[in-house]
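Undergrad: Dropping in my_file14.cif, with mmCIF, C-alpha atoms and all ligand atoms.
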data_run
loop_
_atom_site.group_PDB
_atom_site.id
_atom_site.type_symbol
_atom_site.label_atom_id
_atom_site.label_comp_id
_atom_site.auth_asym_id
_atom_site.auth_seq_id
_atom_site.Cartn_x
_atom_site.Cartn_y
_atom_site.Cartn_z
ATOM 1 C CA MET V 135 12.242 -4.271 -35.416
ATOM 2 C CA THR V 136 9.454 -6.308 -33.874
ATOM 3 C CA HIS V 137 11.253 -6.552 -30.565
ATOM 4 C CA ASN V 138 11.374 -2.766 -30.235
ATOM 5 C CA ASN V 139 7.732 -2.424 -31.155
ATOM 6 C CA GLN V 140 6.794 -4.768 -28.384
ATOM 7 C CA GLN V 141 8.820 -2.752 -25.926
ATOM 8 C CA LYS V 142 7.005 0.539 -26.563
ATOM 9 C CA PRO V 143 4.655 1.546 -23.791
ATOM 10 C CA VAL V 144 1.355 0.179 -24.978
ATOM 11 C CA ALA V 145 -0.852 2.922 -23.614
ATOM 12 C CA GLY V 146 -4.433 1.799 -23.477
ATOM 13 C CA GLU V 147 -4.114 -0.713 -26.272
ATOM 14 C CA PRO V 148 -7.196 -2.796 -26.847
ATOM 15 C CA GLY V 149 -7.067 -5.687 -24.473
ATOM 16 C CA VAL V 150 -4.931 -3.880 -21.942
ATOM 17 C CA PRO V 151 -6.986 -3.808 -18.789
ATOM 18 C CA ALA V 152 -7.421 -0.360 -17.281
ATOM 19 C CA LEU V 153 -8.233 -1.712 -13.875
ATOM 20 C CA HIS V 154 -4.999 -3.338 -12.985
ATOM 21 C CA ARG V 155 -4.624 -5.121 -9.739
ATOM 22 C CA ASN V 156 -1.658 -6.614 -8.007
ATOM 23 C CA PRO V 157 -1.349 -10.240 -7.003
ATOM 24 C CA ARG V 158 -3.984 -11.590 -4.720
ATOM 25 C CA LYS V 159 -3.402 -13.065 -1.333
ATOM 26 C CA GLY V 160 -1.190 -16.121 -1.601
ATOM 27 C CA GLU V 161 0.873 -14.566 -4.393
ATOM 28 C CA CYS V 162 4.123 -12.647 -4.003
ATOM 29 C CA GLN V 163 3.347 -8.903 -3.996
ATOM 30 C CA ALA V 164 6.609 -8.228 -5.826
ATOM 31 C CA CYS V 165 6.600 -10.880 -8.557
ATOM 32 C CA GLY V 166 3.178 -12.533 -8.564
ATOM 33 C CA LEU V 167 4.432 -16.078 -8.100
ATOM 34 C CA PRO V 168 2.396 -18.346 -5.841
ATOM 35 C CA LEU V 169 3.657 -18.440 -2.273
ATOM 36 C CA GLN V 170 4.552 -21.582 -0.378
ATOM 37 C CA ASN V 171 3.306 -20.023 2.815
ATOM 38 C CA ALA V 172 0.072 -18.128 2.133
ATOM 39 C CA ARG V 173 0.526 -16.022 5.250
ATOM 40 C CA ARG V 174 3.617 -14.342 3.800
ATOM 41 C CA LYS V 175 3.511 -11.434 1.375
ATOM 42 C CA TYR V 176 6.682 -12.066 -0.626
ATOM 43 C CA CYS V 177 8.403 -15.146 -2.018
ATOM 44 C CA SER V 178 11.722 -13.894 -0.639
ATOM 45 C CA ARG V 179 13.274 -10.855 0.909
ATOM 46 C CA ALA V 180 15.486 -10.444 -2.162
ATOM 47 C CA CYS V 181 12.409 -10.367 -4.417
ATOM 48 C CA ARG V 182 10.804 -7.573 -2.396
ATOM 49 C CA GLU V 183 14.055 -5.608 -2.161
ATOM 50 C CA LYS V 184 14.602 -5.833 -5.899
ATOM 51 C CA LEU V 185 11.194 -4.343 -6.671
ATOM 52 C CA VAL V 186 11.559 -1.655 -4.004
ATOM 53 C CA TYR V 187 14.920 -0.727 -5.503
ATOM 54 C CA LYS V 188 13.493 -0.425 -9.032
ATOM 55 C CA LEU V 189 10.551 1.583 -7.708
ATOM 56 C CA ASP V 190 12.997 3.945 -6.006
ATOM 57 C CA VAL V 191 14.857 4.358 -9.293
ATOM 58 C CA ALA V 192 11.533 5.135 -10.994
ATOM 59 C CA THR V 193 10.909 7.840 -8.379
ATOM 60 C CA ASN V 194 13.459 10.110 -10.096
ATOM 61 C CA LEU V 195 11.473 9.941 -13.298
ATOM 62 C CA LEU V 196 8.214 10.462 -11.402
ATOM 63 C CA ARG V 197 9.616 13.653 -9.859
ATOM 64 C CA ALA V 198 10.798 14.834 -13.264
ATOM 65 C CA ILE V 199 7.248 14.574 -14.612
ATOM 66 C CA HIS V 200 5.716 16.454 -11.636
ATOM 67 C CA THR V 201 4.144 13.395 -10.033
ATOM 68 C CA ARG V 202 1.939 13.902 -7.042
ATOM 69 C CA TYR V 203 0.733 10.319 -6.646
ATOM 70 C CA ALA V 204 1.345 7.127 -8.583
ATOM 71 C CA THR V 205 0.465 3.468 -8.496
ATOM 72 C CA PHE V 206 2.291 0.479 -9.833
ATOM 73 C CA SER V 207 0.621 -2.816 -10.573
ATOM 74 C CA PHE V 208 1.089 -5.797 -12.848
ATOM 75 C CA THR V 209 -0.535 -8.842 -14.301
ATOM 76 C CA GLY V 210 1.160 -11.739 -16.054
ATOM 77 C CA ARG V 211 1.037 -9.783 -19.332
ATOM 78 C CA THR V 212 1.364 -6.094 -18.556
ATOM 79 C CA LEU V 213 2.576 -3.488 -16.116
ATOM 80 C CA ALA V 214 0.613 -0.372 -15.327
ATOM 81 C CA LEU V 215 2.106 2.836 -13.971
ATOM 82 C CA ASN V 216 -0.624 5.360 -13.180
ATOM 83 C CA VAL V 217 0.419 8.910 -12.454
ATOM 84 C CA VAL V 218 -1.375 11.957 -11.063
ATOM 85 C CA VAL V 219 0.584 15.162 -11.586
ATOM 86 C CA TRP V 220 0.462 18.365 -9.551
ATOM 87 C CA GLY V 221 -2.240 20.744 -10.692
ATOM 88 C CA ALA V 222 -4.190 18.222 -12.749
ATOM 89 C CA SER V 223 -6.920 15.795 -11.824
ATOM 90 C CA GLU V 224 -6.398 13.416 -14.711
ATOM 91 C CA VAL V 225 -4.650 10.088 -14.405
ATOM 92 C CA TYR V 226 -1.849 9.381 -16.872
ATOM 93 C CA SER V 227 -1.552 5.658 -17.510
ATOM 94 C CA PHE V 228 1.554 3.990 -18.874
ATOM 95 C CA PHE V 229 1.240 0.368 -19.839
ATOM 96 C CA TRP V 230 4.107 -1.920 -20.657
ATOM 97 C CA GLU V 231 4.041 -5.360 -22.153
ATOM 98 C CA ARG V 232 5.952 -7.794 -19.980
ATOM 99 C CA GLU V 233 8.813 -9.883 -21.222
ATOM 100 C CA ALA V 234 8.442 -13.630 -20.835
ATOM 101 C CA GLY V 235 10.322 -14.903 -17.806
ATOM 102 C CA ALA V 236 11.233 -11.430 -16.519
ATOM 103 C CA LYS V 237 10.231 -10.210 -13.096
ATOM 104 C CA PRO V 238 7.928 -7.193 -12.815
ATOM 105 C CA ALA V 239 10.912 -5.355 -11.289
ATOM 106 C CA ASP V 240 12.923 -5.916 -14.505
ATOM 107 C CA ASP V 241 10.013 -4.860 -16.696
ATOM 108 C CA LEU V 242 9.530 -1.756 -14.577
ATOM 109 C CA ALA V 243 13.215 -0.901 -15.026
ATOM 110 C CA ARG V 244 12.777 -1.112 -18.810
ATOM 111 C CA LEU V 245 9.680 1.087 -18.746
ATOM 112 C CA THR V 246 11.464 3.630 -16.540
ATOM 113 C CA GLU V 247 14.476 3.591 -18.844
ATOM 114 C CA GLU V 248 12.359 4.103 -21.948
ATOM 115 C CA LEU V 249 10.430 7.003 -20.429
ATOM 116 C CA GLY V 250 13.627 8.490 -19.013
ATOM 117 C CA ARG V 251 15.255 8.335 -22.427
ATOM 118 C CA GLU V 252 12.316 10.214 -23.898
ATOM 119 C CA TRP V 253 12.523 12.807 -21.122
ATOM 120 C CA TRP V 254 16.224 13.422 -21.793
ATOM 121 C CA ARG V 255 15.735 13.522 -25.566
ATOM 122 C CA LYS V 256 13.111 16.256 -25.243
ATOM 123 C CA GLN V 257 15.095 18.071 -22.567
ATOM 124 C CA ASN V 258 18.216 18.177 -24.783
ATOM 125 C CA GLN V 259 16.158 19.285 -27.759
ATOM 126 C CA SER V 260 14.092 21.975 -26.033
ATOM 127 C CA ASN V 261 16.299 22.816 -23.050
ATOM 128 C CA SER V 262 13.097 22.795 -20.989
ATOM 129 C CA ARG V 263 12.364 20.387 -18.163
ATOM 130 C CA HIS V 264 8.740 21.392 -18.352
ATOM 131 C CA GLN V 265 8.435 20.467 -22.021
ATOM 132 C CA ALA V 266 10.292 17.234 -21.355
ATOM 133 C CA ALA V 267 7.771 16.373 -18.652
ATOM 134 C CA TRP V 268 4.783 17.049 -20.878
ATOM 135 C CA HIS V 269 6.387 15.141 -23.708
ATOM 136 C CA VAL V 270 6.575 12.056 -21.488
ATOM 137 C CA LEU V 271 3.056 12.588 -20.148
ATOM 138 C CA GLY V 272 1.890 12.877 -23.756
ATOM 139 C CA MET V 273 2.924 9.255 -24.241
ATOM 140 C CA ALA V 274 0.430 8.129 -21.613
ATOM 141 C CA LYS V 275 -3.200 7.296 -22.031
ATOM 142 C CA THR V 276 -5.676 9.376 -20.069
ATOM 143 C CA ARG V 277 -9.276 8.971 -18.941
ATOM 144 C CA LEU V 278 -8.882 5.247 -18.352
ATOM 145 C CA VAL V 279 -8.444 5.225 -14.608
ATOM 146 C CA PRO V 280 -10.412 7.344 -12.134
ATOM 147 C CA LEU V 281 -8.451 9.573 -9.773
ATOM 148 C CA GLY V 282 -9.769 7.693 -6.756
ATOM 149 C CA GLN V 283 -7.839 4.614 -7.807
ATOM 150 C CA VAL V 284 -4.491 6.403 -7.695
ATOM 151 C CA ARG V 285 -4.865 8.862 -4.838
ATOM 152 C CA PRO V 286 -3.755 7.109 -1.645
ATOM 153 C CA VAL V 287 -6.187 6.871 1.213
ATOM 154 C CA SER V 288 -5.487 7.246 4.880
ATOM 155 C CA VAL V 289 -6.201 4.136 6.801
ATOM 156 C CA TYR V 290 -6.529 4.443 10.539
ATOM 157 C CA SER V 291 -5.956 1.178 12.237
ATOM 158 C CA PRO V 292 -6.344 1.138 15.990
ATOM 159 C CA ARG V 293 -3.531 -0.198 18.113
ATOM 160 C CA VAL V 294 -5.554 -2.515 20.261
ATOM 161 C CA PRO V 295 -4.045 -3.060 23.714
ATOM 162 C CA SER V 296 -4.453 -6.800 23.377
ATOM 163 C CA ARG V 297 -2.573 -7.692 26.563
ATOM 164 C CA TYR V 298 -5.127 -5.854 28.688
ATOM 165 C CA LEU V 299 -8.001 -7.349 26.720
ATOM 166 C CA THR V 300 -6.722 -10.821 27.541
ATOM 167 C CA VAL V 301 -6.510 -10.002 31.235
ATOM 168 C CA LEU V 302 -10.120 -8.788 31.310
ATOM 169 C CA LYS V 303 -11.287 -11.535 28.929
ATOM 170 C CA LEU V 304 -12.627 -8.980 26.475
ATOM 171 C CA SER V 305 -12.547 -9.091 22.685
ATOM 172 C CA SER V 306 -11.483 -6.202 20.456
ATOM 173 C CA ASP V 307 -15.126 -6.014 19.294
ATOM 174 C CA ASP V 308 -16.039 -4.899 22.808
ATOM 175 C CA LEU V 309 -13.710 -1.913 22.423
ATOM 176 C CA PHE V 310 -15.522 -0.839 19.275
ATOM 177 C CA SER V 311 -19.001 -1.359 20.646
ATOM 178 C CA GLU V 312 -21.284 1.628 21.100
ATOM 179 C CA ASN V 313 -20.326 2.066 24.718
ATOM 180 C CA PRO V 314 -16.935 0.488 25.357
ATOM 181 C CA GLY V 315 -16.771 2.028 28.855
ATOM 182 C CA VAL V 316 -19.753 -0.063 29.963
ATOM 183 C CA ALA V 317 -18.266 -3.241 28.483
ATOM 184 C CA ILE V 318 -14.921 -2.580 30.192
ATOM 185 C CA LYS V 319 -16.531 -1.824 33.533
ATOM 186 C CA SER V 320 -18.721 -4.908 33.572
ATOM 187 C CA ALA V 321 -15.799 -7.101 32.485
ATOM 188 C CA PHE V 322 -13.745 -5.692 35.336
ATOM 189 C CA ARG V 323 -16.563 -6.312 37.831
ATOM 190 C CA ARG V 324 -16.945 -9.861 36.603
ATOM 191 C CA GLN V 325 -13.226 -10.637 36.874
ATOM 192 C CA ALA V 326 -12.766 -8.691 40.104
ATOM 193 C CA HIS V 327 -15.519 -10.749 41.664
ATOM 194 C CA ASN V 328 -13.578 -13.915 40.853
ATOM 195 C CA HIS V 329 -10.190 -12.619 41.928
ATOM 196 C CA HIS V 330 -10.900 -10.331 44.875
ATOM 197 C CA PRO V 331 -8.351 -10.866 47.680
ATOM 198 C CA ASP V 332 -11.185 -10.788 50.241
ATOM 199 C CA LYS V 333 -12.608 -13.842 48.510
ATOM 200 C CA ASN V 334 -9.403 -15.858 48.505
ATOM 201 C CA GLY V 335 -8.327 -14.353 45.191
ATOM 202 C CA ASP V 336 -4.725 -13.671 44.248
ATOM 203 C CA ALA V 337 -3.647 -10.107 45.147
ATOM 204 C CA ARG V 338 -1.168 -9.904 42.282
ATOM 205 C CA MET V 339 -3.828 -10.997 39.816
ATOM 206 C CA PHE V 340 -6.210 -8.432 41.236
ATOM 207 C CA ARG V 341 -3.656 -5.641 40.751
ATOM 208 C CA GLU V 342 -3.176 -6.759 37.163
ATOM 209 C CA LEU V 343 -6.912 -6.680 36.575
ATOM 210 C CA HIS V 344 -7.146 -3.209 37.992
ATOM 211 C CA GLN V 345 -4.291 -1.953 35.851
ATOM 212 C CA ALA V 346 -5.844 -3.475 32.718
ATOM 213 C CA TYR V 347 -9.138 -1.854 33.655
ATOM 214 C CA MET V 348 -7.593 1.627 34.033
ATOM 215 C CA GLU V 349 -5.559 1.290 30.824
ATOM 216 C CA LEU V 350 -8.538 0.164 28.782
ATOM 217 C CA LEU V 351 -10.718 2.970 30.104
ATOM 218 C CA ALA V 352 -7.999 5.448 29.111
ATOM 219 C CA TRP V 353 -7.767 3.805 25.676
ATOM 220 C CA ALA V 354 -11.540 4.003 25.185
ATOM 221 C CA ARG V 355 -11.493 7.737 25.950
ATOM 222 C CA ASP V 356 -8.593 8.394 23.580
ATOM 223 C CA PRO V 357 -7.842 5.424 21.309
ATOM 224 C CA LEU V 358 -4.343 5.088 19.926
ATOM 225 C CA VAL V 359 -4.462 4.823 16.187
ATOM 226 C CA ARG V 360 -1.916 4.277 13.503
ATOM 227 C CA ASN V 361 -2.275 6.273 10.296
ATOM 228 C CA ARG V 362 -1.030 4.697 7.105
ATOM 229 C CA GLN V 363 -1.361 6.019 3.573
ATOM 230 C CA GLY V 364 -1.684 3.684 0.645
ATOM 231 C CA LEU V 365 -4.027 1.658 -1.507
ATOM 232 C CA PRO V 366 -5.272 -1.883 -1.376
ATOM 233 C CA GLN V 367 -3.598 -4.259 -3.807
ATOM 234 C CA LYS V 368 -1.384 -1.665 -5.478
ATOM 235 C CA TRP V 369 2.054 -0.284 -4.865
ATOM 236 C CA CYS V 370 1.485 3.370 -4.207
ATOM 237 C CA TYR V 371 3.738 6.418 -4.436
ATOM 238 C CA ASN V 372 2.327 8.906 -1.954
ATOM 239 C CA GLY V 373 4.460 11.858 -2.977
ATOM 240 C CA ARG V 374 7.316 10.937 -0.666
ATOM 241 C CA ARG V 375 7.894 7.247 -0.997
ATOM 242 C CA TRP V 376 6.499 3.972 -2.277
ATOM 243 C CA VAL V 377 4.312 1.984 0.050
ATOM 244 C CA PRO V 378 3.477 -1.694 -0.480
ATOM 245 C CA PRO V 379 -0.063 -2.823 -1.273
ATOM 246 C CA MET V 380 -2.325 -2.830 1.721
ATOM 247 C CA VAL V 381 -3.640 -6.237 2.460
ATOM 248 C CA PRO V 382 -7.228 -6.022 3.638
HETATM 249 ZN ZN ZN V 401 8.513 -12.739 -5.491
#
What is this structure when it is put down as structure tokens?
TA:
Amino acid sequence: MTHNNQQKPVAGEPGVPALHRNPRKGECQACGLPLQNARRKYCSRACREKLVYKLDVATNLLRAIHTRYATFSFTGRTLALNVVVWGASEVYSFFWEREAGAKPADDLARLTEELGREWWRKQNQSNSRHQAAWHVLGMAKTRLVPLGQVRPVSVYSPRVPSRYLTVLKLSSDDLFSENPGVAIKSAFRRQAHNHHPDKNGDARMFRELHQAYMELLAWARDPLVRNRQGLPQKWCYNGRRWVPPMVP
């Protein structure tokens, strides 16, 4: 049946791009459709929730095949599910031809179902979860995608105390300069000169300046950072949960 043939995972078929990437900026990260408002990431909340739900369903399969990390991405024609398993450094790539008019979430559900069926078939036959896992992994293509494209990276993004920067009329660049302490001090001196109560300045404003100055100095000594794990432009399973593509 031609329909069934098309639905088989097309691992590394000629023409299937190995370097899959998710929608660019201005396209919905869950379905790829162009966005009305380019500053948003999804066409609708329902669209995002649907994909997240299907990804969560796929997580059961990922656990069953010993997944350590995985990525999910799609183009108009294909889906790619790249998997790194525990104890191996190879990437197992599953490709799936998309159905016309279907959302990536629906196509992902079909891929997950197909692979899950294979897992259960082997498990029933061999009574071994391990063999079932390797049977499914045997359906994937390897050596197409380097490990670095699937292993999530830690991204440290500083929490910039923007309120205090505004008060001292500093930019966030000043905080990341070679010597932020000097920049903060001279900004404080500059503003304090303008607002000093002895020079007809506003006392409340002066207190605010001083507080901003102390807070920024403390920040410069020990910056608050936020640690996120993920990958740019790909949905990423980090071993615990799926995280959306990081937008640079
Ligand atoms: Zn969408």
Undergrad: Evaluate the PyMOL selection byres (((chain V and resi 225) around 8) and not hetatm) against this structure - the residues, as a tab-separated table (two decimals) with C-alpha atoms, in the frame of the given file, please.
TA:
chain	number	residue	atom	x	y	z
V	216	ASN	CA	-0.62	5.36	-13.18
V	217	VAL	CA	0.42	8.91	-12.45
V	218	VAL	CA	-1.38	11.96	-11.06
V	219	VAL	CA	0.58	15.16	-11.59
V	223	SER	CA	-6.92	15.80	-11.82
V	224	GLU	CA	-6.40	13.42	-14.71
V	226	TYR	CA	-1.85	9.38	-16.87
V	227	SER	CA	-1.55	5.66	-17.51
V	276	THR	CA	-5.68	9.38	-20.07
V	277	ARG	CA	-9.28	8.97	-18.94
V	278	LEU	CA	-8.88	5.25	-18.35
V	279	VAL	CA	-8.44	5.22	-14.61
V	280	PRO	CA	-10.41	7.34	-12.13
V	281	LEU	CA	-8.45	9.57	-9.77
V	284	VAL	CA	-4.49	6.40	-7.70
Undergrad: Hey, which residues sit close to ligand ZN 401 (chain V)? Say within 6 Å, counting all atoms listed in the file, and write them as a PDB file with C-alpha atoms, in the coordinates of the input.
TA:
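part_37.pdb written:
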ATOM      1  CA  CYS V 162       4.123 -12.647  -4.003  1.00  0.00           C
ATOM      2  CA  ALA V 164       6.609  -8.228  -5.826  1.00  0.00           C
ATOM      3  CA  CYS V 165       6.600 -10.880  -8.557  1.00  0.00           C
ATOM      4  CA  LEU V 167       4.432 -16.078  -8.100  1.00  0.00           C
ATOM      5  CA  TYR V 176       6.682 -12.066  -0.626  1.00  0.00           C
ATOM      6  CA  CYS V 177       8.403 -15.146  -2.018  1.00  0.00           C
ATOM      7  CA  SER V 178      11.722 -13.894  -0.639  1.00  0.00           C
ATOM      8  CA  CYS V 181      12.409 -10.367  -4.417  1.00  0.00           C
TER       9      CYS V 181
END
Undergrad: I need the residue set behind the PyMOL selection byres (((chain V and resi 166) around 12) and not hetatm) for this file; please write it as a count of residues only.
TA: 33
Undergrad: Taking into account only C-alpha atoms, which residue in the set V:Ser320, V:Asn261, V:His330, V:Gly315 is nearest to Arg355 (chain V)?
TA: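 Distance minimum relative to Arg355 (chain V) lands on V:Gly315.
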Undergrad: Would you list the contacts of Glu342 (chain V) as number ranges by chain, taking every protein, DNA or RNA residue within 12 Å and counting all atoms listed in the file, but skipping same-chain residues closer than 3 positions in sequence?
TA: V: 297-302, 322, 325-326, 329-330, 336-339, 345-349
Undergrad: So which one's closest to Arg324 (chain V), V:Trp220, V:Phe340, V:Tyr371, V:Trp353? Using all atoms listed in the file, please.
TA: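 Among the listed residues, the smallest separation from Arg324 (chain V) belongs to V:Phe340.
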Undergrad: Tell me, in Å to one decimal, how far CA of Leu309 (chain V) is from CA of Ala354 (chain V).
TA: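 Computed distance, CA of Leu309 (chain V) to CA of Ala354 (chain V), equals 6.9 Å.
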Undergrad: Give me, as an MDAnalysis selection string, all polymer residues having an atom no more than 7 Å from region 373-379 of chain V, counting only C-alpha atoms and skipping those fewer than 5 positions away in the same chain.
TA: chainID V and resid 202:203 364:368
Undergrad: Got time to write the residues from that selection, C-alpha atoms, as an mmCIF file, in the coordinates of the input?
TA:
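The result, written out as result_4.cif:
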data_model
loop_
_atom_site.group_PDB
_atom_site.id
_atom_site.type_symbol
_atom_site.label_atom_id
_atom_site.label_comp_id
_atom_site.auth_asym_id
_atom_site.auth_seq_id
_atom_site.Cartn_x
_atom_site.Cartn_y
_atom_site.Cartn_z
ATOM 1 C CA ARG V 202 1.939 13.902 -7.042
ATOM 2 C CA TYR V 203 0.733 10.319 -6.646
ATOM 3 C CA GLY V 364 -1.684 3.684 0.645
ATOM 4 C CA LEU V 365 -4.027 1.658 -1.507
ATOM 5 C CA PRO V 366 -5.272 -1.883 -1.376
ATOM 6 C CA GLN V 367 -3.598 -4.259 -3.807
ATOM 7 C CA LYS V 368 -1.384 -1.665 -5.478
#
Undergrad: Which neighbours of Trp268 (chain V) fall inside 12 Å, counting only C-alpha atoms, when residues of the same chain fewer than 3 positions from it are skipped, and could you give them as a list in words?
TA: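 Result of the neighbour search: Ala198, Ile199, His200, Thr201, Val219, Tyr226, Leu249, Glu252, Trp253, Lys256, Gln257, Ser260, Ser262, Arg263, His264, Gln265, Leu271, Gly272, Met273 and Ala274 of chain V.
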Undergrad: Restricting the calculation to only C-alpha atoms: of V:Ala321, V:Pro295, V:Val287, V:Lys184, which residue gets closest to His344 (chain V)?
TA: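 Looking at the shortest contact to His344 (chain V), the residue is V:Ala321.
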